[in-house]
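Student: Here it is: the structure, laid out below.
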Amino acid sequence: MARILGDLIVKNVGPGLWEVMEDIEYHVGHENSDEVIIVKKGLVTDFASIPFGLRNILPKDGAWSVGSVFHDQCYRFRGVLPEGFFRGPVMVYSQKDCDKIFDEINQLKKVSWWQRTLIYSALRLFGWISFSKNKPGRKV
């Protein structure tokens, strides 16, 4: 099983926006993986971009919040992580890779099957809208 090092510590910086206060890292695939994604202190997130009408059954934050910040970072750089945001051989992720990593973290955080399925399905159907707004390899 994969692993997360560090705790997600955030502070509110505006309506629906949160800033990550400490680095947190994720070992992709299994706990001894040398493929590591690092969310750096300072990332601003809205957690999960859940449409307003669905927030009564799936709020913007929950057990999936940790996965949300990794997913936000992956999308923000359009899957091309800059130096310092990863360790290991992989630094380029497709949109589908980013979505799978989110799902993997949600499994690790014990998000329920139906919530994971709903989140992942929505990302596969509509995530391209957000993913395509960003430029690959954008500056930090």
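By order in the structure tokens, chains are A, B, ...; within a chain, residues start at 1; ligands start at 1, following the order shown.
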Report as JSON, numbers by chain all protein, DNA and RNA residues lying within 6 Å of Met21 (chain A), evaluated on only C-alpha atoms, omitting residues in the same chain fewer than 2 positions from it.
Tutor: {"A": [9, 10, 41]}
Student: Please return as a list of chain:residue names: the residues of region 4-138 of chain A that backbone DSSP assigns to strand (DSSP E or B).
Tutor: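 Filtering region 4-138 of chain A to strand (DSSP E or B) leaves A:Ile4, A:Leu5, A:Val10, A:Lys11, A:Asn12, A:Val13, A:Gly14, A:Leu17, A:Trp18, A:Glu19, A:Val20, A:Ile24, A:Glu25, A:Tyr26, A:His27, A:Val36, A:Ile37, A:Ile38, A:Val39, A:Val44, A:Thr45, A:Val80, A:Phe86, A:Arg87, A:Val92.
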Student: Give me a file of those residues, with N, CA and C atoms, as an mmCIF file, in the first residue's frame.
Tutor:
```cif
data_model
loop_
_atom_site.group_PDB
_atom_site.id
_atom_site.type_symbol
_atom_site.label_atom_id
_atom_site.label_comp_id
_atom_site.auth_asym_id
_atom_site.auth_seq_id
_atom_site.Cartn_x
_atom_site.Cartn_y
_atom_site.Cartn_z
ATOM 1 N N ILE A 4 1.610 8.172 2.907
ATOM 2 C CA ILE A 4 1.674 9.627 2.971
ATOM 3 C C ILE A 4 2.549 9.978 4.157
ATOM 4 N N LEU A 5 3.509 10.872 3.927
ATOM 5 C CA LEU A 5 4.358 11.350 5.009
ATOM 6 C C LEU A 5 3.996 12.792 5.316
ATOM 7 N N VAL A 10 -3.671 23.087 7.026
ATOM 8 C CA VAL A 10 -4.092 24.190 6.163
ATOM 9 C C VAL A 10 -4.626 25.340 7.003
ATOM 10 N N LYS A 11 -4.663 26.517 6.373
ATOM 11 C CA LYS A 11 -5.355 27.649 6.999
ATOM 12 C C LYS A 11 -6.232 28.290 5.937
ATOM 13 N N ASN A 12 -7.358 28.820 6.381
ATOM 14 C CA ASN A 12 -8.289 29.474 5.478
ATOM 15 C C ASN A 12 -7.695 30.805 5.037
ATOM 16 N N VAL A 13 -7.692 31.044 3.717
ATOM 17 C CA VAL A 13 -7.135 32.294 3.181
ATOM 18 C C VAL A 13 -8.169 33.076 2.374
ATOM 19 N N GLY A 14 -9.401 32.653 2.417
ATOM 20 C CA GLY A 14 -10.462 33.340 1.687
ATOM 21 C C GLY A 14 -11.655 32.425 1.553
ATOM 22 N N LEU A 17 -11.132 28.898 0.082
ATOM 23 C CA LEU A 17 -9.724 28.678 -0.276
ATOM 24 C C LEU A 17 -8.895 28.402 0.971
ATOM 25 N N TRP A 18 -7.972 27.458 0.824
ATOM 26 C CA TRP A 18 -7.124 27.029 1.926
ATOM 27 C C TRP A 18 -5.682 26.975 1.452
ATOM 28 N N GLU A 19 -4.757 27.348 2.334
ATOM 29 C CA GLU A 19 -3.333 27.294 2.018
ATOM 30 C C GLU A 19 -2.675 26.174 2.817
ATOM 31 N N VAL A 20 -1.882 25.352 2.141
ATOM 32 C CA VAL A 20 -1.150 24.275 2.795
ATOM 33 C C VAL A 20 -0.002 24.909 3.586
ATOM 34 N N ILE A 24 3.925 18.038 2.426
ATOM 35 C CA ILE A 24 3.421 16.689 2.662
ATOM 36 C C ILE A 24 3.776 15.874 1.422
ATOM 37 N N GLU A 25 4.152 14.626 1.595
ATOM 38 C CA GLU A 25 4.557 13.832 0.434
ATOM 39 C C GLU A 25 3.802 12.515 0.349
ATOM 40 N N TYR A 26 3.711 12.058 -0.884
ATOM 41 C CA TYR A 26 2.977 10.833 -1.177
ATOM 42 C C TYR A 26 3.866 9.903 -1.977
ATOM 43 N N HIS A 27 4.044 8.683 -1.467
ATOM 44 C CA HIS A 27 4.803 7.644 -2.160
ATOM 45 C C HIS A 27 3.818 6.863 -3.020
ATOM 46 N N VAL A 36 7.823 9.817 -5.678
ATOM 47 C CA VAL A 36 7.264 10.611 -4.589
ATOM 48 C C VAL A 36 6.785 11.956 -5.134
ATOM 49 N N ILE A 37 5.548 12.302 -4.814
ATOM 50 C CA ILE A 37 5.005 13.617 -5.148
ATOM 51 C C ILE A 37 4.988 14.432 -3.863
ATOM 52 N N ILE A 38 5.453 15.672 -3.949
ATOM 53 C CA ILE A 38 5.535 16.542 -2.778
ATOM 54 C C ILE A 38 4.628 17.751 -2.993
ATOM 55 N N VAL A 39 3.658 17.918 -2.103
ATOM 56 C CA VAL A 39 2.862 19.148 -2.096
ATOM 57 C C VAL A 39 3.615 20.101 -1.189
ATOM 58 N N VAL A 44 -2.352 26.747 -2.670
ATOM 59 C CA VAL A 44 -3.714 27.170 -2.343
ATOM 60 C C VAL A 44 -4.668 26.212 -3.042
ATOM 61 N N THR A 45 -5.615 25.711 -2.285
ATOM 62 C CA THR A 45 -6.553 24.704 -2.778
ATOM 63 C C THR A 45 -7.982 25.087 -2.438
ATOM 64 N N VAL A 80 2.915 18.123 -15.284
ATOM 65 C CA VAL A 80 4.363 18.283 -15.460
ATOM 66 C C VAL A 80 4.897 18.964 -14.200
ATOM 67 N N PHE A 86 8.753 16.638 -6.780
ATOM 68 C CA PHE A 86 8.746 15.190 -6.937
ATOM 69 C C PHE A 86 10.143 14.668 -6.634
ATOM 70 N N ARG A 87 10.210 13.373 -6.347
ATOM 71 C CA ARG A 87 11.474 12.642 -6.262
ATOM 72 C C ARG A 87 11.262 11.353 -7.015
ATOM 73 N N VAL A 92 6.134 13.462 -14.975
ATOM 74 C CA VAL A 92 5.086 13.841 -15.911
ATOM 75 C C VAL A 92 3.927 12.858 -15.776
#
```
Student: List as a count of residues only the protein and nucleic acid residues near Val111 (chain A), meaning an atom at most 8 Å away when only C-alpha atoms are counted, but skip any in the same chain fewer than 4 places from it.
Tutor: 6
Student: Considering only C-alpha atoms, return as a PDB file with N, CA, C and O atoms, in the first residue's frame whatever protein or nucleic-acid residues lie within 7 Å of region 66-75 of chain A, sequence-local ones (same chain, fewer than 6 positions apart) excluded.
Tutor:
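Full text of around-v7.pdb as output:
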```
ATOM      1  N   LEU A   8      -1.808  16.852   6.671  1.00  0.00           N
ATOM      2  CA  LEU A   8      -2.347  17.979   5.923  1.00  0.00           C
ATOM      3  C   LEU A   8      -2.719  19.067   6.922  1.00  0.00           C
ATOM      4  O   LEU A   8      -3.645  18.906   7.714  1.00  0.00           O
ATOM      5  N   VAL A  39       3.658  17.918  -2.103  1.00  0.00           N
ATOM      6  CA  VAL A  39       2.862  19.148  -2.096  1.00  0.00           C
ATOM      7  C   VAL A  39       3.615  20.101  -1.189  1.00  0.00           C
ATOM      8  O   VAL A  39       3.871  19.798  -0.029  1.00  0.00           O
ATOM      9  N   THR A  45      -5.615  25.711  -2.285  1.00  0.00           N
ATOM     10  CA  THR A  45      -6.553  24.704  -2.778  1.00  0.00           C
ATOM     11  C   THR A  45      -7.982  25.087  -2.438  1.00  0.00           C
ATOM     12  O   THR A  45      -8.219  25.835  -1.479  1.00  0.00           O
ATOM     13  N   PHE A  47      -9.915  22.396  -2.171  1.00  0.00           N
ATOM     14  CA  PHE A  47     -10.226  20.993  -1.897  1.00  0.00           C
ATOM     15  C   PHE A  47     -10.946  20.429  -3.119  1.00  0.00           C
ATOM     16  O   PHE A  47     -10.507  20.670  -4.234  1.00  0.00           O
ATOM     17  N   ALA A  48     -12.019  19.718  -2.948  1.00  0.00           N
ATOM     18  CA  ALA A  48     -12.693  19.097  -4.095  1.00  0.00           C
ATOM     19  C   ALA A  48     -13.668  20.094  -4.729  1.00  0.00           C
ATOM     20  O   ALA A  48     -14.402  20.779  -4.038  1.00  0.00           O
ATOM     21  N   CYS A  98      -3.192  11.534 -12.910  1.00  0.00           N
ATOM     22  CA  CYS A  98      -3.530  12.409 -11.773  1.00  0.00           C
ATOM     23  C   CYS A  98      -4.796  11.921 -11.080  1.00  0.00           C
ATOM     24  O   CYS A  98      -4.857  11.871  -9.847  1.00  0.00           O
ATOM     25  N   ASP A  99      -5.795  11.539 -11.876  1.00  0.00           N
ATOM     26  CA  ASP A  99      -7.060  11.052 -11.317  1.00  0.00           C
ATOM     27  C   ASP A  99      -6.858   9.725 -10.580  1.00  0.00           C
ATOM     28  O   ASP A  99      -7.433   9.503  -9.502  1.00  0.00           O
ATOM     29  N   PHE A 102      -5.258  10.352  -7.212  1.00  0.00           N
ATOM     30  CA  PHE A 102      -6.297  10.831  -6.287  1.00  0.00           C
ATOM     31  C   PHE A 102      -7.092   9.653  -5.743  1.00  0.00           C
ATOM     32  O   PHE A 102      -7.309   9.524  -4.531  1.00  0.00           O
ATOM     33  N   ILE A 105      -5.009   7.594  -3.263  1.00  0.00           N
ATOM     34  CA  ILE A 105      -4.925   8.252  -1.951  1.00  0.00           C
ATOM     35  C   ILE A 105      -6.257   8.104  -1.218  1.00  0.00           C
ATOM     36  O   ILE A 105      -6.278   7.845  -0.004  1.00  0.00           O
ATOM     37  N   ASN A 106      -7.369   8.244  -1.936  1.00  0.00           N
ATOM     38  CA  ASN A 106      -8.676   8.080  -1.299  1.00  0.00           C
ATOM     39  C   ASN A 106      -8.861   6.670  -0.747  1.00  0.00           C
ATOM     40  O   ASN A 106      -9.458   6.494   0.322  1.00  0.00           O
ATOM     41  N   PHE A 131      -8.193  20.538 -16.088  1.00  0.00           N
ATOM     42  CA  PHE A 131      -6.834  20.128 -16.473  1.00  0.00           C
ATOM     43  C   PHE A 131      -6.340  20.959 -17.659  1.00  0.00           C
ATOM     44  O   PHE A 131      -5.206  21.424 -17.665  1.00  0.00           O
TER      45      PHE A 131
END
```
Student: Give me, please, the distance in Å between CA of Leu58 (chain A) and CA of Ser121 (chain A), quoted to one decimal.
Tutor: 13.5 Å
Student: Quick one: pull the distance between CA of Leu43 (chain A) and CA of Tyr120 (chain A), Å, one decimal.
Tutor: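 Distance between the two atoms: 22.2 Å.
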Student: With only C-alpha atoms as the basis for distance, which of A:Gly127, A:Asp97, A:Glu104, A:Leu81 is at the shortest distance from Gly29 (chain A)?
Tutor: A:Glu104
Student: Point out the residue among A:Asp46, A:Pro82, A:Arg76, A:Leu125 with the least atom-to-atom distance to Gly16 (chain A), counting only C-alpha atoms.
Tutor: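 The shortest atom-to-atom distance to Gly16 (chain A) comes from A:Asp46.
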Student: Among the residues of region 23-139 of chain A, find those DSSP assigns to helix (DSSP H, G or I) from the backbone and print them as a PyMOL selection string.
Tutor: chain A and resi 52-54+65-76+95-108+113-133
Student: Take the residues that were just selected and, keeping C-alpha atoms, output them as a tab-separated table (two decimals), in the first residue's frame.
Tutor:
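out.tsv was written with the following content:
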```tsv
chain	number	residue	atom	x	y	z
A	52	PHE	CA	-23.12	23.11	-5.27
A	53	GLY	CA	-26.10	20.79	-5.79
A	54	LEU	CA	-24.11	17.71	-4.70
A	65	SER	CA	-9.08	16.36	1.35
A	66	VAL	CA	-5.55	14.93	1.36
A	67	GLY	CA	-6.08	13.45	-2.08
A	68	SER	CA	-7.60	16.74	-3.21
A	69	VAL	CA	-4.44	18.74	-2.54
A	70	PHE	CA	-2.25	16.26	-4.45
A	71	HIS	CA	-4.77	16.25	-7.28
A	72	ASP	CA	-4.99	20.07	-7.32
A	73	GLN	CA	-1.21	20.32	-7.57
A	74	CYS	CA	-1.04	17.70	-10.33
A	75	TYR	CA	-3.73	19.52	-12.34
A	76	ARG	CA	-2.22	22.95	-11.64
A	95	GLN	CA	-4.78	13.66	-16.58
A	96	LYS	CA	-5.80	10.03	-16.06
A	97	ASP	CA	-2.64	9.41	-13.98
A	98	CYS	CA	-3.53	12.41	-11.77
A	99	ASP	CA	-7.06	11.05	-11.32
A	100	LYS	CA	-5.76	7.56	-10.48
A	101	ILE	CA	-3.36	8.99	-7.89
A	102	PHE	CA	-6.30	10.83	-6.29
A	103	ASP	CA	-8.27	7.59	-6.20
A	104	GLU	CA	-5.30	5.69	-4.74
A	105	ILE	CA	-4.92	8.25	-1.95
A	106	ASN	CA	-8.68	8.08	-1.30
A	107	GLN	CA	-8.39	4.30	-0.91
A	108	LEU	CA	-5.49	4.80	1.51
A	113	TRP	CA	-16.37	2.92	-2.14
A	114	TRP	CA	-19.41	4.89	-3.34
A	115	GLN	CA	-17.73	8.26	-2.64
A	116	ARG	CA	-14.52	7.19	-4.42
A	117	THR	CA	-16.53	5.92	-7.37
A	118	LEU	CA	-18.54	9.15	-7.60
A	119	ILE	CA	-15.43	11.36	-7.34
A	120	TYR	CA	-13.38	9.32	-9.82
A	121	SER	CA	-16.24	9.09	-12.33
A	122	ALA	CA	-16.80	12.86	-12.19
A	123	LEU	CA	-13.09	13.47	-12.74
A	124	ARG	CA	-12.97	11.15	-15.72
A	125	LEU	CA	-16.03	12.83	-17.26
A	126	PHE	CA	-15.37	16.49	-16.46
A	127	GLY	CA	-11.80	16.84	-15.16
A	128	TRP	CA	-10.45	17.69	-18.61
A	129	ILE	CA	-12.07	21.13	-18.27
A	130	SER	CA	-9.89	22.08	-15.30
A	131	PHE	CA	-6.83	20.13	-16.47
A	132	SER	CA	-6.77	21.86	-19.87
A	133	LYS	CA	-6.97	25.38	-18.35
```
Student: Between CA of Val90 (chain A) and CA of Asp7 (chain A), what is the distance in Å, rounded to a tenth?
Tutor: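 Between these atoms lies a distance of 23.2 Å.
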Student: Out of A:Ser33, A:Ser49, A:Ser112, A:Ser94, which residue has the shortest atom-to-atom distance to Phe77 (chain A) when counting only C-alpha atoms?
Tutor: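 Closest candidate: A:Ser94.
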